[in-house]
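Containing mmCIF, C-alpha atoms: work.cif.
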```
data_entry
loop_
_atom_site.label_atom_id
_atom_site.label_comp_id
_atom_site.auth_asym_id
_atom_site.auth_seq_id
_atom_site.Cartn_x
_atom_site.Cartn_y
_atom_site.Cartn_z
CA MET A 1 4.96 23.24 -0.89
CA ASN A 2 4.78 26.09 1.52
CA THR A 3 1.79 27.86 3.00
CA LYS A 4 2.21 31.48 4.00
CA LEU A 5 0.51 32.87 7.06
CA THR A 6 0.33 36.16 8.93
CA THR A 7 -0.55 36.59 12.60
CA GLN A 8 -3.87 38.08 11.49
CA GLU A 9 -4.59 34.97 9.49
CA ILE A 10 -3.81 32.86 12.49
CA GLY A 11 -6.41 34.91 14.35
CA SER A 12 -9.06 34.24 11.72
CA LEU A 13 -8.18 30.55 11.52
CA LEU A 14 -8.66 30.34 15.27
CA ASP A 15 -12.00 32.10 14.84
CA GLN A 16 -12.83 29.50 12.25
CA SER A 17 -11.92 26.84 14.77
CA THR A 18 -14.27 28.26 17.40
CA ARG A 19 -17.09 27.96 14.88
CA GLN A 20 -16.34 24.26 14.59
CA LEU A 21 -16.80 23.48 18.26
CA ASP A 22 -19.15 20.58 18.77
CA ARG A 23 -22.71 20.97 19.95
CA ARG A 24 -22.04 19.49 23.37
CA THR A 25 -19.28 21.94 24.17
CA LEU A 26 -21.38 24.85 22.97
CA ASP A 27 -24.28 23.72 25.12
CA GLN A 28 -22.03 23.43 28.12
CA LEU A 29 -20.59 26.87 27.50
CA GLN A 30 -24.07 28.28 27.27
CA MET A 31 -25.04 26.59 30.51
CA ALA A 32 -21.94 28.00 32.17
CA ARG A 33 -22.85 31.45 30.91
CA GLN A 34 -26.41 31.20 32.20
CA HIS A 35 -25.08 30.04 35.51
CA ALA A 36 -22.72 32.99 35.71
CA LEU A 37 -25.42 35.46 34.70
CA HIS A 38 -27.69 34.02 37.30
CA SER A 39 -25.23 34.79 40.03
CA GLN A 40 -24.74 38.31 38.78
CA ARG A 41 -27.90 39.26 40.52
CA VAL A 42 -28.25 38.89 44.24
CA SER A 43 -30.95 36.36 44.64
CA VAL A 44 -32.67 36.10 47.97
CA SER A 45 -34.52 32.88 48.43
CA THR A 46 -36.84 32.08 51.21
CA TRP A 47 -37.39 28.64 52.50
CA VAL A 48 -40.91 28.01 53.54
CA SER A 49 -41.44 25.26 55.97
CA GLN A 50 -43.35 22.39 54.51
CA ASN A 51 -44.48 21.41 57.92
CA GLY A 52 -47.03 24.13 58.24
CA MET A 53 -49.47 21.67 56.71
CA LEU A 54 -49.93 19.54 59.78
CA HIS A 55 -52.85 21.35 61.24
CA GLY A 56 -56.27 20.31 62.30
CA ARG A 57 -57.69 18.37 65.16
CA LEU A 58 -58.10 14.62 65.24
CA GLN A 59 -61.09 13.23 66.98
CA LEU A 60 -60.61 9.54 67.53
CA SER A 61 -61.81 6.95 69.96
CA ALA A 62 -59.43 5.81 72.67
CA ARG A 63 -59.26 2.37 71.06
CA ALA A 64 -58.36 3.75 67.67
CA LEU A 65 -55.85 6.01 69.31
CA ASN A 66 -54.21 3.05 70.99
CA TRP A 67 -53.90 1.21 67.71
CA ILE A 68 -52.47 4.25 66.13
CA ILE A 69 -49.95 4.65 68.91
CA ALA A 70 -49.05 0.99 68.69
CA ALA A 71 -48.55 1.33 64.96
CA VAL A 72 -46.44 4.41 65.47
CA VAL A 73 -44.31 2.70 68.09
CA ALA A 74 -43.85 -0.33 65.88
CA SER A 75 -42.82 1.76 62.92
CA LEU A 76 -40.54 3.86 65.08
CA LEU A 77 -38.85 0.70 66.23
CA VAL A 78 -38.45 -0.50 62.66
CA ILE A 79 -37.11 2.87 61.61
CA ASN A 80 -34.86 2.83 64.64
CA VAL A 81 -33.31 -0.50 63.72
CA THR A 82 -32.84 0.38 60.06
CA TYR A 83 -31.56 3.78 61.06
CA TRP A 84 -28.77 2.47 63.23
CA SER A 85 -27.88 -0.35 60.89
CA ASN A 86 -27.98 1.78 57.76
CA LEU A 87 -26.19 4.85 58.89
CA SER A 88 -22.70 3.51 58.78
CA GLU A 89 -21.53 7.04 58.08
CA HIS A 90 -22.89 8.05 61.41
CA ASP A 91 -19.92 7.07 63.54
CA HIS A 92 -17.43 9.30 61.81
CA SER A 93 -17.96 12.65 63.45
CA ASP A 94 -14.52 12.50 65.07
CA ILE A 95 -12.65 12.09 61.85
CA ASP A 96 -15.08 14.29 59.91
CA ILE A 97 -14.42 17.17 62.26
CA ALA A 98 -10.69 16.49 62.06
CA ILE A 99 -10.82 16.60 58.25
CA LEU A 100 -13.02 19.66 58.09
CA THR A 101 -10.95 21.66 60.55
CA ASP A 102 -7.62 20.56 59.10
CA ASP A 103 -5.22 23.02 57.44
CA LEU A 104 -5.57 21.25 54.13
CA PRO A 105 -8.71 21.91 52.12
CA VAL A 106 -11.22 19.09 51.87
CA ASP A 107 -10.59 18.93 48.11
CA MET A 108 -7.23 17.38 48.76
CA TYR A 109 -8.86 14.31 50.18
CA VAL A 110 -11.46 14.04 47.45
CA ASP A 111 -10.69 12.12 44.29
CA MET B 1 -10.53 45.24 21.50
CA ARG B 2 -13.36 43.25 20.08
CA ALA B 3 -16.25 44.30 22.19
CA ASP B 4 -17.27 47.88 21.71
CA TYR B 5 -20.18 49.09 23.67
CA PRO B 6 -21.78 52.50 23.67
CA GLY B 7 -22.11 54.41 26.93
CA VAL B 8 -18.53 54.58 28.08
CA ALA B 9 -18.61 55.17 31.82
CA GLU B 10 -22.00 53.68 32.49
CA LEU B 11 -22.47 50.65 34.64
CA SER B 12 -23.38 47.62 32.64
CA THR B 13 -26.71 45.89 32.42
CA PRO B 14 -27.18 42.12 32.69
CA GLN B 15 -27.92 42.19 28.98
CA GLN B 16 -24.47 43.60 28.26
CA LEU B 17 -22.71 40.99 30.34
CA SER B 18 -24.71 38.31 28.60
CA GLU B 19 -23.75 39.64 25.18
CA PHE B 20 -20.14 39.94 26.16
CA LEU B 21 -19.92 36.40 27.49
CA ALA B 22 -21.75 35.01 24.48
CA GLN B 23 -19.20 36.46 22.10
CA ALA B 24 -16.18 35.71 24.29
CA GLU B 25 -16.88 32.23 25.58
CA ARG B 26 -15.72 30.19 22.61
CA ARG B 27 -12.41 31.94 22.36
CA ALA B 28 -12.00 31.66 26.11
CA TYR B 29 -12.65 27.94 25.88
CA LYS B 30 -10.08 27.57 23.13
CA GLN B 31 -7.53 29.54 25.09
CA ALA B 32 -8.06 27.35 28.11
CA GLN B 33 -7.82 24.27 25.97
CA PHE B 34 -4.50 25.34 24.47
CA ALA B 35 -3.24 25.83 27.98
CA VAL B 36 -4.49 22.69 29.71
CA ARG B 37 -5.10 20.36 26.75
CA ASP B 38 -8.16 18.87 28.28
CA GLU B 39 -11.67 19.78 27.28
CA HIS B 40 -13.31 19.06 30.62
CA VAL B 41 -10.80 21.10 32.53
CA ALA B 42 -11.04 23.85 29.92
CA LEU B 43 -14.80 24.01 30.36
CA ASP B 44 -14.40 24.14 34.12
CA ILE B 45 -11.93 26.97 33.80
CA VAL B 46 -14.19 29.01 31.52
CA GLN B 47 -17.16 28.40 33.75
CA ASP B 48 -15.17 29.47 36.75
CA ALA B 49 -13.89 32.60 35.03
CA MET B 50 -17.37 33.58 33.86
CA LEU B 51 -18.72 33.13 37.34
CA LYS B 52 -16.00 35.25 38.89
CA LEU B 53 -16.54 37.98 36.34
CA ALA B 54 -20.28 38.02 36.97
CA GLU B 55 -19.99 37.83 40.73
CA ARG B 56 -17.21 40.30 41.28
CA TYR B 57 -17.33 42.68 38.35
CA GLY B 58 -20.77 42.05 36.90
CA ASP B 59 -21.79 45.66 37.36
CA ARG B 60 -18.64 47.26 35.94
CA PRO B 61 -18.86 49.27 32.74
CA ALA B 62 -19.18 46.88 29.82
CA GLU B 63 -16.10 48.27 28.10
CA GLU B 64 -14.00 46.88 30.95
CA PHE B 65 -15.29 43.35 30.49
CA PRO B 66 -12.75 42.16 27.90
CA MET B 67 -9.74 43.11 30.00
CA LEU B 68 -11.25 41.94 33.27
CA PHE B 69 -12.36 38.69 31.77
CA GLN B 70 -8.97 37.96 30.23
CA ARG B 71 -7.30 38.73 33.48
CA ILE B 72 -9.58 36.41 35.39
CA LEU B 73 -9.24 33.73 32.74
CA GLN B 74 -5.44 33.79 32.78
CA ASN B 75 -5.43 33.75 36.57
CA THR B 76 -7.79 30.81 36.61
CA ILE B 77 -5.55 28.92 34.20
CA ARG B 78 -2.46 29.72 36.26
CA ASP B 79 -4.29 28.71 39.38
CA TYR B 80 -5.03 25.41 37.72
CA TYR B 81 -1.31 24.86 37.02
CA ARG B 82 -0.47 25.56 40.63
CA ARG B 83 -3.12 23.19 41.86
CA GLN B 84 -1.81 20.58 39.47
CA LYS B 85 1.64 20.97 40.91
CA VAL B 86 0.41 20.47 44.44
CA ARG B 87 -1.81 17.63 43.34
CA SER B 88 0.92 15.73 41.58
CA PHE B 89 3.17 16.04 44.60
CA TRP B 90 0.30 14.88 46.74
CA THR B 91 -0.46 11.98 44.43
CA THR B 92 3.09 10.75 44.49
CA LEU B 93 3.14 11.03 48.24
CA MET B 94 -0.16 9.26 48.77
CA SER B 95 0.44 6.50 46.28
CA SER B 96 3.78 5.79 47.90
CA LEU B 97 2.07 4.91 51.15
CA ALA B 98 -1.26 3.48 50.11
CA PRO B 99 -0.66 0.48 47.86
CA GLN B 100 -4.36 -0.32 47.50
CA GLN B 101 -4.90 2.93 45.67
CA ASP B 102 -3.88 2.64 42.10
CA GLY B 103 -3.13 6.25 41.32
CA GLU B 104 -5.69 6.43 38.57
CA ASP B 105 -8.23 7.56 41.08
CA PHE B 106 -6.15 10.54 41.97
CA ASP B 107 -5.46 11.85 38.56
CA PRO B 108 -8.48 12.29 36.34
CA PHE B 109 -6.27 14.03 33.82
CA ASP B 110 -4.52 10.87 32.75
CA THR B 111 -7.73 9.25 31.75
CA LEU B 112 -9.19 12.27 30.06
CA GLN B 113 -6.19 13.38 28.15
CA ASP B 114 -6.45 11.10 25.18
CA GLU B 115 -10.16 10.82 25.06
CA ASN B 116 -10.43 12.92 21.97
CA ASN B 117 -7.39 13.15 19.91
CA GLU B 118 -8.16 16.52 18.45
CA SER B 119 -4.84 17.68 17.21
CA GLN B 120 -3.84 15.26 14.54
CA PRO B 121 -0.46 16.06 13.10
CA ALA B 122 -0.70 17.05 9.48
CA ARG B 123 1.60 15.58 6.85
CA PRO B 124 4.01 18.23 5.67
CA ASP B 125 4.15 16.75 2.19
CA GLU B 126 0.50 17.14 1.37
CA ALA B 127 -1.38 20.34 0.80
CA LEU B 128 -2.86 21.48 4.05
CA ALA B 129 -6.57 21.66 4.14
CA GLN B 130 -7.85 24.43 6.34
CA SER B 131 -8.84 22.15 9.18
CA GLN B 132 -5.41 20.56 9.17
CA LEU B 133 -3.89 24.00 9.17
CA ILE B 134 -5.96 24.85 12.22
CA ASP B 135 -4.85 21.66 13.93
CA VAL B 136 -1.22 22.45 13.27
CA ILE B 137 -1.57 25.98 14.59
CA GLU B 138 -3.46 24.88 17.67
CA ASP B 139 -0.94 22.18 18.36
CA ALA B 140 1.91 24.68 18.08
CA LEU B 141 0.10 27.14 20.34
CA SER B 142 -0.34 24.45 22.97
CA LYS B 143 3.38 23.88 22.98
CA LEU B 144 4.28 27.51 23.66
CA PRO B 145 5.29 28.49 27.18
CA ALA B 146 2.20 29.77 29.01
CA ARG B 147 3.11 33.46 29.17
CA GLN B 148 4.14 33.57 25.53
CA ARG B 149 0.92 31.94 24.40
CA GLU B 150 -1.05 34.30 26.59
CA ALA B 151 0.61 37.39 25.15
CA PHE B 152 0.33 36.13 21.58
CA LEU B 153 -3.36 35.28 21.82
CA LEU B 154 -4.29 38.50 23.57
CA ARG B 155 -2.45 40.61 21.03
CA TYR B 156 -3.28 38.83 17.81
CA TRP B 157 -6.49 37.03 18.57
CA GLU B 158 -8.26 39.13 21.16
CA GLU B 159 -6.82 42.11 19.29
CA MET B 160 -5.84 43.96 22.42
CA ASP B 161 -3.14 46.60 22.20
CA THR B 162 0.08 46.32 24.19
CA ALA B 163 -1.25 48.37 27.11
CA GLU B 164 -4.43 46.35 27.39
CA THR B 165 -2.50 43.10 27.13
CA ALA B 166 -0.14 44.27 29.87
CA ALA B 167 -3.11 45.13 32.08
CA ALA B 168 -4.75 41.77 31.45
CA MET B 169 -1.54 39.87 32.08
CA GLY B 170 -0.55 41.95 35.07
CA CYS B 171 2.91 42.76 33.70
CA SER B 172 4.70 45.63 31.99
CA GLU B 173 4.26 46.55 28.35
CA GLY B 174 7.91 45.72 27.85
CA SER B 175 7.37 42.13 28.94
CA VAL B 176 4.34 41.88 26.69
CA LYS B 177 6.51 42.81 23.74
CA THR B 178 9.20 40.34 24.76
CA HIS B 179 6.69 37.51 25.25
CA CYS B 180 5.04 38.33 21.96
CA SER B 181 8.19 38.35 19.89
CA ARG B 182 9.43 35.14 21.50
CA ALA B 183 6.06 33.55 20.87
CA THR B 184 6.12 34.58 17.23
CA HIS B 185 9.64 33.21 16.81
CA ALA B 186 8.83 29.92 18.48
CA LEU B 187 5.65 29.60 16.45
CA SER B 188 7.37 30.28 13.14
CA ALA B 189 9.98 27.67 13.98
CA MET B 190 7.34 25.09 14.81
CA LEU B 191 5.21 25.95 11.80
CA LYS B 192 8.18 25.91 9.47
CA GLU B 193 8.69 22.24 10.27
CA ARG B 194 5.19 21.69 8.92
CA GLY B 195 5.86 23.72 5.81
CA ILE B 196 4.19 26.90 6.90
CA ASP B 197 5.83 30.32 6.71
CA LEU B 198 4.74 32.75 9.38
CA SER B 199 5.34 36.36 8.53
CA MET C 1 -57.81 1.15 78.39
CA PRO C 2 -55.77 3.68 80.22
CA ALA C 3 -53.17 1.14 81.32
CA LEU C 4 -52.44 0.05 77.78
CA LEU C 5 -52.35 3.64 76.72
CA ARG C 6 -49.86 4.45 79.43
CA ASN C 7 -47.70 1.51 78.50
CA LEU C 8 -47.74 2.44 74.91
CA LEU C 9 -46.91 6.02 75.68
CA ALA C 10 -44.00 4.87 77.80
CA LEU C 11 -42.81 2.65 74.99
CA LEU C 12 -43.19 5.48 72.55
CA LEU C 13 -41.15 7.70 74.80
CA PHE C 14 -38.48 5.04 75.09
CA ALA C 15 -38.42 4.52 71.34
CA SER C 16 -38.07 8.20 70.62
CA CYS C 17 -35.19 8.42 73.05
CA CYS C 18 -33.41 5.77 71.03
CA LEU C 19 -33.57 7.90 67.94
CA PRO C 20 -33.21 11.46 69.03
CA LEU C 21 -32.09 12.39 65.56
CA THR C 22 -34.40 11.07 62.89
CA ALA C 23 -37.59 12.43 64.31
CA ARG C 24 -36.17 15.90 64.54
CA ALA C 25 -33.93 15.70 61.52
CA GLN C 26 -36.53 16.27 58.92
CA SER C 27 -36.55 19.98 58.20
CA TRP C 28 -34.37 22.99 58.84
CA GLU C 29 -37.22 24.59 60.74
CA SER C 30 -37.34 21.75 63.22
CA LEU C 31 -33.68 22.08 64.21
CA SER C 32 -32.79 23.71 67.49
CA ALA C 33 -31.18 27.14 67.56
CA GLN C 34 -27.88 25.57 68.54
CA GLN C 35 -28.05 23.09 65.67
CA LYS C 36 -28.92 25.86 63.26
CA GLU C 37 -25.92 27.83 64.37
CA ALA C 38 -23.63 24.84 64.01
CA LEU C 39 -25.02 23.98 60.59
CA ALA C 40 -25.45 27.54 59.36
CA PRO C 41 -23.61 27.00 56.05
CA LEU C 42 -26.14 24.34 55.16
CA ALA C 43 -29.21 26.48 55.84
CA ALA C 44 -30.01 26.86 52.18
CA THR C 45 -29.51 23.24 51.24
CA TRP C 46 -30.46 21.35 54.38
CA ASP C 47 -33.99 20.53 53.34
CA SER C 48 -32.74 19.00 50.13
CA LEU C 49 -30.29 16.69 51.85
CA SER C 50 -31.17 13.05 52.32
CA ASP C 51 -31.58 11.67 55.84
CA LYS C 52 -28.29 9.89 55.41
CA GLN C 53 -26.61 13.17 54.54
CA LYS C 54 -28.23 14.87 57.49
CA ALA C 55 -27.05 12.09 59.75
CA VAL C 56 -23.47 12.93 58.83
CA PHE C 57 -23.90 16.43 60.13
CA LEU C 58 -26.04 16.09 63.21
CA PRO C 59 -23.25 14.51 65.30
CA ILE C 60 -20.91 17.19 64.02
CA ALA C 61 -23.44 19.82 65.09
CA ARG C 62 -23.60 18.28 68.52
CA ARG C 63 -19.87 18.67 69.01
CA TYR C 64 -19.65 22.05 67.37
CA PRO C 65 -20.09 24.13 70.56
CA GLN C 66 -17.06 22.44 72.16
CA LEU C 67 -14.72 23.45 69.36
CA PRO C 68 -12.51 26.52 69.68
CA PRO C 69 -13.75 29.48 67.60
CA GLN C 70 -11.01 29.09 65.03
CA LYS C 71 -11.96 25.49 64.35
CA GLN C 72 -15.61 26.42 64.25
CA GLN C 73 -14.81 28.91 61.54
CA ARG C 74 -12.80 26.41 59.57
CA LEU C 75 -15.52 23.83 59.95
CA HIS C 76 -18.08 26.26 58.61
CA ALA C 77 -15.93 27.17 55.66
CA GLN C 78 -15.68 23.56 54.56
CA MET C 79 -19.01 22.18 55.60
CA GLU C 80 -20.91 22.90 52.44
CA LYS C 81 -18.32 21.14 50.32
CA TRP C 82 -18.48 18.11 52.59
CA SER C 83 -22.24 17.96 52.20
CA ARG C 84 -21.94 17.81 48.43
CA LEU C 85 -19.82 14.67 48.46
CA THR C 86 -21.27 11.23 47.98
CA PRO C 87 -20.99 8.78 50.89
CA GLU C 88 -18.37 6.92 48.86
CA GLN C 89 -16.31 10.09 48.38
CA ARG C 90 -16.48 10.83 52.08
CA LYS C 91 -15.39 7.32 52.84
CA ARG C 92 -12.40 7.65 50.52
CA ALA C 93 -11.58 11.05 51.98
CA ARG C 94 -11.49 9.60 55.48
CA GLU C 95 -9.18 6.84 54.32
CA LYS C 96 -6.90 9.35 52.68
CA TYR C 97 -6.91 11.55 55.72
CA LYS C 98 -5.85 8.64 57.87
CA ALA C 99 -3.17 7.69 55.39
CA PHE C 100 -1.90 11.24 55.18
CA ASN C 101 -1.54 11.43 58.93
CA LYS C 102 0.89 8.53 58.80
CA VAL C 103 3.21 10.51 56.53
CA PRO C 104 6.35 11.89 58.23
CA ALA C 105 5.68 15.30 59.73
CA GLU C 106 8.09 17.23 57.51
CA GLN C 107 6.47 15.87 54.36
CA ARG C 108 3.06 16.75 55.73
CA GLU C 109 4.35 20.23 56.44
CA ALA C 110 5.74 20.46 52.90
CA VAL C 111 2.33 19.68 51.43
CA LYS C 112 0.67 22.20 53.68
CA ARG C 113 3.19 24.82 52.70
CA MET C 114 2.62 24.17 49.01
CA VAL C 115 -1.11 24.44 49.47
CA ARG C 116 -0.75 27.67 51.41
CA GLU C 117 1.44 29.13 48.68
CA GLN C 118 -0.95 28.04 46.00
CA GLN C 119 -3.88 29.56 47.86
CA ALA C 120 -2.04 32.80 48.47
CA ALA C 121 -1.19 33.03 44.79
CA SER C 122 -4.68 32.26 43.57
CA GLY C 123 -7.52 34.70 43.80
CA VAL C 124 -7.85 37.48 41.28
CA PRO C 125 -6.11 40.69 42.24
CA ALA C 126 -8.34 43.71 42.41
CA ALA C 127 -8.91 45.04 38.95
CA ALA C 128 -7.36 48.32 38.00
CA PRO C 129 -9.53 49.80 35.31
#
```
Can the structure in the file be given as structure tokens, please?
Amino acid sequence: MNTKLTTQEIGSLLDQSTRQLDRRTLDQLQMARQHALHSQRVSVSTWVSQNGMLHGRLQLSARALNWIIAAVVASLLVINVTYWSNLSEHDHSDIDIAILTDDLPVDMYVD
Amino acid sequence: MRADYPGVAELSTPQQLSEFLAQAERRAYKQAQFAVRDEHVALDIVQDAMLKLAERYGDRPAEEFPMLFQRILQNTIRDYYRRQKVRSFWTTLMSSLAPQQDGEDFDPFDTLQDENNESQPARPDEALAQSQLIDVIEDALSKLPARQREAFLLRYWEEMDTAETAAAMGCSEGSVKTHCSRATHALSAMLKERGIDLS
Amino acid sequence: MPALLRNLLALLLFASCCLPLTARAQSWESLSAQQKEALAPLAATWDSLSDKQKAVFLPIARRYPQLPPQKQQRLHAQMEKWSRLTPEQRKRAREKYKAFNKVPAEQREAVKRMVREQQAASGVPAAAP
């Protein structure tokens, strides 16, 4: 048995199909739209330093100060060791610069 | 065209862009999906096109949105094809020299392609329920050459006239007509195999 | 105990010399003008990067002034993308880069040409209303 169709009917069947999109896709489309609308406006953000908090004067005895310094030194040393052992990425500035300044876009090297 | 907005030459408001995108996004997604046959990529393409429209032409008169958006969308899809071409060349090249890389890593499209088998072929011998009919049509549309599908969808789905379609596709009205009639022919042939007459 | 204090201060100084980066790496505000210039594309996101992420860029920033202007520009254009990758992605990218550089020159050139063509063709032409 044959079904007859016109191009207009194809159009309305496709409309029908867009109404059957699943929730997840619709949510993602809506997110994409919000994202796009957000960048329609020129948003100027300001970054406020969080470090402005470290104010005030400490009044400590010399002994306490020494302990504090010792503690700081000790923790710096610990941080130091973990820092150098952890940051395996650290040694790659040569190749990183080569990749980033290469003719090919970075995307090509990314999976 | 579908979207009619009052205030012809006025610059648009964010509200108008929002309304336009809300009513266009599903069709845009479908169009992208017909073209790339992958829902993740299709979403990326629509997102990209929306962003470009908002960033570059977000303050244009709202009546220009449909054409601009279609143009951006088609360009984004074409851009995706080109990138694919480069990427597949690249993949072949890289996998030929790096045996530890199994290729799968390079091509997310392989793994995504069959994740949801949306277009189930319908049996020609049974009466086609509407959803099956939709599947058949969508499947046929996916098989059309890109330009033909583009012209067909813009004319008969987005309901643009020939001039608007030509502007959106960046070609002459003559080519729009050619693409459209070829598309219709190819579609009728494909649909006929499934027992559907396209007139 | 001034002697102890002095010793400790000396030690502290020594320790901070060993890690010139971490102590100063914390916020965008604390970077030097030269570092800020080198890392300009990351100004907006710097404070949200992890220390590990920052550590990827500080050595790059250090070498930035020695690069020719053209490379500096290219570096800036791609920096933000690089910062959004995971350490694993960066690792893989480095491997691929090394592998790619072993490819015969004419094939490398062919890829570059294809990419150039693709880039030239992409980009939406100015709209004619």
TODO: Identify, on the basis of all atoms listed in the file, every residue whose closest approach to C:Ala121 does not exceed 12 Å; exclude the query and any residue fewer than 5 positions from it along the same chain; express the result as a count of residues only.
DONE: 11
Open item on the list: Quick check: residues of chain C within 12 Å of chain B, all atoms listed in the file, returned as JSON, numbers by chain.
Closed with: {"C": [89, 92, 93, 95, 96, 97, 98, 99, 100, 101, 102, 103, 104, 107, 108, 109, 110, 111, 112, 113, 114, 115, 116, 117, 118, 119, 120, 121, 122, 123, 124, 125, 126, 127, 128, 129]}
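Atom CA of C:Ala61 is positioned 6.3 Å from atom CA of C:Leu39.
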Closest contacts (chain B/chain A, max 6 Å, all atoms listed in the file) as JSON lines:
```
{"residue": "B:Arg26", "atom": "CA", "partner": "A:Thr18", "partner_atom": "CA", "distance": 5.7}
{"residue": "B:Gln47", "atom": "CA", "partner": "A:Ala32", "partner_atom": "CA", "distance": 5.1}
{"residue": "B:Met50", "atom": "CA", "partner": "A:Ala36", "partner_atom": "CA", "distance": 5.7}
{"residue": "B:Leu51", "atom": "CA", "partner": "A:Ala36", "partner_atom": "CA", "distance": 4.3}
{"residue": "B:Ala54", "atom": "CA", "partner": "A:Gln40", "partner_atom": "CA", "distance": 4.8}
{"residue": "B:Glu55", "atom": "CA", "partner": "A:Gln40", "partner_atom": "CA", "distance": 5.2}
{"residue": "B:Gly58", "atom": "CA", "partner": "A:Gln40", "partner_atom": "CA", "distance": 5.8}
{"residue": "B:Phe106", "atom": "CA", "partner": "A:Asp111", "partner_atom": "CA", "distance": 5.3}
{"residue": "B:Trp157", "atom": "CA", "partner": "A:Gly11", "partner_atom": "CA", "distance": 4.7}
{"residue": "B:Gly195", "atom": "CA", "partner": "A:Asn2", "partner_atom": "CA", "distance": 5.0}
{"residue": "B:Ile196", "atom": "CA", "partner": "A:Thr3", "partner_atom": "CA", "distance": 4.7}
{"residue": "B:Asp197", "atom": "CA", "partner": "A:Lys4", "partner_atom": "CA", "distance": 4.7}
{"residue": "B:Leu198", "atom": "CA", "partner": "A:Leu5", "partner_atom": "CA", "distance": 4.8}
{"residue": "B:Ser199", "atom": "CA", "partner": "A:Thr6", "partner_atom": "CA", "distance": 5.0}
```
Open item on the list: Could you tell me, as a list in words, exactly which residues end up selected when the PyMOL selection byres ((chain C) within 6 of (chain A)) is applied to this structure?
Closed with: Leu12, Val56, Pro59, Ile60, Lys71, Arg74, Leu75, Gln78, Ala93 and Lys96 of chain C
Open item on the list: So that I can check the surroundings of C:Ala40, please list as JSON, numbers by chain every protein, DNA and RNA residue that reaches within 12 Å of it, counting only C-alpha atoms and ignoring chain neighbours fewer than 4 positions away.
Closed with: {"C": [28, 31, 32, 33, 34, 35, 36, 44, 45, 46, 57, 61, 64, 72, 73, 75, 76, 77, 78, 79, 80]}
Task: Spatial neighbours of B:Glu159, max dist 10 Å, all atoms listed in the file, sep filter under 4 positions, as JSON, numbers by chain - done: {"A": [8, 11], "B": [1, 2, 152, 153, 154, 155, 164, 165]}
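Here atom CA of B:Leu141 is placed at a distance of 19.6 Å from atom CA of B:Thr162.
Computed from the coordinates, the atom CA of B:Ala62 to atom CA of B:Thr13 distance equals 8.0 Å.
Nearest to B:Thr184 of all the residues B:Gln148, B:Ser172, B:Ser142, B:Gln132 is B:Gln148, counting all atoms listed in the file.
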